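Enquirer: The structure that follows is given in the form of structure tokens.
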2 protein chains.
Amino acid sequence: MGGVSHVVVDWGTSSFRLWALDRAGNVRGERRSAQGMIAAATEGFEAVLESHLAALGIGDGIPVMMCGMVGARGGWVEAAYVDIPAGLDGLAERAVHVPSARRLIRLLPGLAQREADRHDVMRGEETQLLPLAREGFHGLACLPGTHSKWVVVENGEARRFATFMTGELFQLLRTGSVIAPAVATAVAVDPDSAAFARGVGDGLTLPETLGNQLFRLRASWLLVGEDPAGTLARLSGLLIGAELAGAARLLGTLENVALIASGPAAPAYRRALSLAGATGVVAREADDCVRAGLHAAALSAFRLERVSA
Amino acid sequence: MGGVSHVVVDWGTSSFRLWALDRAGNVRGERRSAQGMIAAATEGFEAVLESHLAALGIGDGIPVMMCGMVGARGGWVEAAYVDIPAGLDGLAERAVHVPSARRLIRLLPGLAQREADRHDVMRGEETQLLPLAREGFHGLACLPGTHSKWVVVENGEARRFATFMTGELFQLLRTGSVIAPAVATAVAVDPDSAAFARGVGDGLTLPETLGNQLFRLRASWLLVGEDPAGTLARLSGLLIGAELAGAARLLGTLENVALIASGPAAPAYRRALSLAGATGVVAREADDCVRAGLHAAALSAFRLERVSA
């Protein structure tokens with residue numbers, strides 16, 4: 001494949017995304033798969049990676065920069081957490097080398113917050129913040145997901161953050177709880193629905209009643225046959241509304257919010273932020289952010305090496 | 001078995017409890033098993049019941065009063081919900097007959113709250129309230145469990161109630177979430193621990209941050225190897241604390257609270273209520289309450305029939 005100077009990979013718990021880039025960051029090739037950590041542990045990290053590189057015709061001389069759970073303990077090689085406050089541009093210098101690999105591969109570290117009773121970690125999302133930090137963003141970054149991250153970004157640094165288990169709770173409740181039969185036939189959350197807005201409102205204003213509101217989703221289905229799509233939207237809204245209330249409580253008011261999301265989370269959080277009265281909200285595509293962050297880290301890390309060679 | 005005038009059964013989703021009683025309510029025989037709704041649906045409700053009655057030598061002429069999920073749709077025979085406000089003493093009159101059974105069997109109905117946006121249901125717990133109502137209790141009954149019930153009882157009536165999914169959330173998070181490895185070796189919640197009290201306090205005062213506090217249980221395990229027993233106690237405390245905050249919000253202040261619990265929930269909720277500043281707390285053994293409630297309903301329902309015969 002011509003023009004490729006480096007490859008970047010976001011390798012998470014349940015997904016693998018690879019981009020072959022040129023020096024300017026243009027995408028020359030792309031691969032996506034569901035080969036997350038479990039698949040990689042079975043098939044072997046290098047085997048999975050090289051199969052995708054081979055499919056794109058990428059030679060052994062092309063270096064690879066990665067982020068995500070691949071650098072966790074139990075991943076390929078552990079890239080120890082960097083403590084916050086942490087300059088985001090400096091993360092590339094802390095990327096660890098994969099000594100066993102046939103090609104040059106580096107793994108970006110995650111971030112840790114070690115403040116007593118505020119312990120928190122992230123791995124992968126920090127890379128999405130790199131482009132934001134380079135642009136001089138000051139404010140609150142919101143990265144929705146299985147474990148949503150809220151990060152105070154100032155002066156190019158991640159200063160504080162808070163993770164919320166929103167996406168995981170949604171999945172547990174949707175599929176494994178007594179709410180499951182009430183949403184069994186619902187396909188997707190409609191963030192423009194009244195039910196979603198109602199859930200967000202209740203989550204924002206009555207977060208202490210969450211355990212009751214969840215049960216009432218079942219009760220409404222039992223007693224009045226509540227619509228499954230509306231129930232699913234309300235479930236999502238409740239959890240996101242409570243998350244927004246919690247983020248505001250922990251990290252300050254919802255001002256200058258950069259929403260870094262992809263897929264269905266983007267419109268859902270955009271609507272929820274609007275309902276919560278968040279101001280200065282700008283939306284970014286998460287895929288673009290992680291690719292740009294990996295690209296910046298790759299340029300920095302691999303150029304340094306070439307100079308020193 | 002001599003002296004047995006009737007049998008009472010609390011038949012729930014995952015448990016079966018049977019007492020053979022005399023007219024005064026004294027226990028002449030007892031059976032317990034894990035044959036809940038799933039086992040009963042497979043083996044047959046009558047087969048399960050009669051096997052326990054045969055083991056105690058109970059003849060066909062002895063009537064049986066039951067409560068719990070056995071009367072739900074999908075149970076043995078549906079005993080339709082009674083709408084609140086509902087006189088608790090009157091529930092016996094609404095007990096439905098099981099026409100197919102060889103002996104006289106009646107199933108007590110559950111309660112439904114059909115108020116818009118307060119939809120809620122209970123099935124089994126209402127029977128535990130009967131003795132309380134007969135004693136002239138006025139206040140808030142707290143019945144912890146997989147789905148904790150909080151019920152305003154006044155003038156012998158269940159007037160309002162709210163269910164919280166606390167126990168189910170605890171199990172989902174303990175066994176099926178990213179918190180699971182952090183509590184894998186913990187055996188039980190110690191309600192006298194500082195960790196439990198800390199969780200209750202955080203749940204009470206920071207309920208909107210629940211999704212974050214849950215994730216931090218994992219982060220503390222990752223970063224500082226937090227003790228699993230303490231983490232489990234904190235998880236339990238967080239969920240119970242949030243429940244107490246929600247109950248107070250929905251049903252008024254925590255005054256004149258009757259805690260109807262059995263097993264480990266009893267000391268946990270007693271401590272949590274104390275930490276929340278609840279007043280006038282009296283504790284009742286849930287098993288005694290359900291048996292006494294079933295006994296009262298049986299005397300009422302079966303005596304009426306004998307008079308009319």
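Every chain in the structure tokens takes a letter, A first, then B, and so on in the order presented; its residues are numbered from 1, and the ligands are numbered from 1 following the presented order.
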Enumerate as a PyMOL selection string the residues belonging to chain B that approach chain A to within 7 Å, with only C-alpha atoms taken into account.
Expert: chain B and resi 119-121+162-166+207-209+211-212+215-216+219-220+242-243+245-246
Enquirer: Enumerate the residues of stretch 145-238 of chain A with a DSSP assignment of helix (DSSP H, G or I), computed from the backbone, and present them as an NGL selection string.
Expert: :A and (166-176 or 180-183 or 194-205 or 207-224 or 228-238)
Enquirer: With C-alpha atoms kept, could you save the residues just selected as a compact mmCIF listing (two decimals), in the first residue's frame?
Expert:
# COMPACT_ATOMS: atom_id res chain seq x y z
CA THR A 166 -23.74 4.23 32.44
CA GLY A 167 -23.35 2.06 29.35
CA GLU A 168 -22.63 -1.06 31.36
CA LEU A 169 -25.64 -0.45 33.62
CA PHE A 170 -27.79 0.07 30.54
CA GLN A 171 -26.73 -3.27 29.09
CA LEU A 172 -27.07 -5.15 32.39
CA LEU A 173 -30.54 -3.76 32.96
CA ARG A 174 -31.67 -4.14 29.39
CA THR A 175 -30.66 -7.75 29.05
CA GLY A 176 -30.22 -9.27 32.51
CA ALA A 180 -35.60 -7.07 30.18
CA PRO A 181 -39.08 -8.38 29.23
CA ALA A 182 -40.41 -4.80 29.16
CA VAL A 183 -37.87 -3.79 26.49
CA ALA A 194 -40.68 12.36 24.73
CA ALA A 195 -39.87 9.20 26.71
CA PHE A 196 -36.13 9.85 26.43
CA ALA A 197 -36.59 13.47 27.53
CA ARG A 198 -38.75 12.33 30.44
CA GLY A 199 -36.08 9.88 31.54
CA VAL A 200 -33.35 12.50 31.32
CA GLY A 201 -35.45 14.92 33.35
CA ASP A 202 -36.16 12.36 36.06
CA GLY A 203 -32.53 11.26 36.17
CA LEU A 204 -31.38 14.86 36.51
CA THR A 205 -33.85 15.95 39.15
CA PRO A 207 -31.34 10.78 40.93
CA GLU A 208 -31.85 9.34 44.43
CA THR A 209 -34.98 7.56 43.17
CA LEU A 210 -33.15 5.74 40.37
CA GLY A 211 -33.64 2.28 41.89
CA ASN A 212 -37.37 2.99 42.10
CA GLN A 213 -37.66 4.51 38.64
CA LEU A 214 -35.98 1.44 37.19
CA PHE A 215 -38.49 -0.87 38.84
CA ARG A 216 -41.36 1.31 37.65
CA LEU A 217 -40.33 0.62 34.06
CA ARG A 218 -41.26 -2.98 34.75
CA ALA A 219 -44.41 -2.07 36.70
CA SER A 220 -45.70 0.16 33.86
CA TRP A 221 -45.19 -2.70 31.46
CA LEU A 222 -47.06 -5.10 33.78
CA LEU A 223 -49.93 -2.76 34.60
CA VAL A 224 -50.55 -0.80 31.41
CA PRO A 228 -41.17 -1.21 24.79
CA ALA A 229 -39.49 1.45 22.62
CA GLY A 230 -40.59 4.18 24.99
CA THR A 231 -39.48 2.14 27.98
CA LEU A 232 -36.03 1.59 26.47
CA ALA A 233 -35.70 5.30 25.68
CA ARG A 234 -36.75 6.15 29.21
CA LEU A 235 -34.24 3.69 30.68
CA SER A 236 -31.46 5.26 28.63
CA GLY A 237 -32.60 8.77 29.51
CA LEU A 238 -32.75 7.99 33.23
Enquirer: At a cut-off of 9 Å, using only C-alpha atoms, what residues contact B:Ser33? Leave out same-chain residues fewer than 3 positions from it and give the result as a PyMOL selection string.
Expert: chain B and resi 14-18+36
Enquirer: Would you compute the distance between atom CA of A:Glu157 and atom CA of A:Glu30? Give it in Å to one decimal.
Expert: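 Computing the Euclidean distance for atom CA of A:Glu157 and atom CA of A:Glu30 yields 29.7 Å.
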Enquirer: Counting only C-alpha atoms, which residue out of A:Ala292, A:Leu254, A:Leu299, A:Val48 sits closest to A:Asn26?
Expert: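 The answer is A:Ala292, which sits nearest to A:Asn26.
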Enquirer: Skipping near chain neighbours, those fewer than 6 positions away, what residues fall within 9 Å of A:Asp192 using only C-alpha atoms, listed as a PyMOL selection string?
Expert: chain A and resi 267-268+271
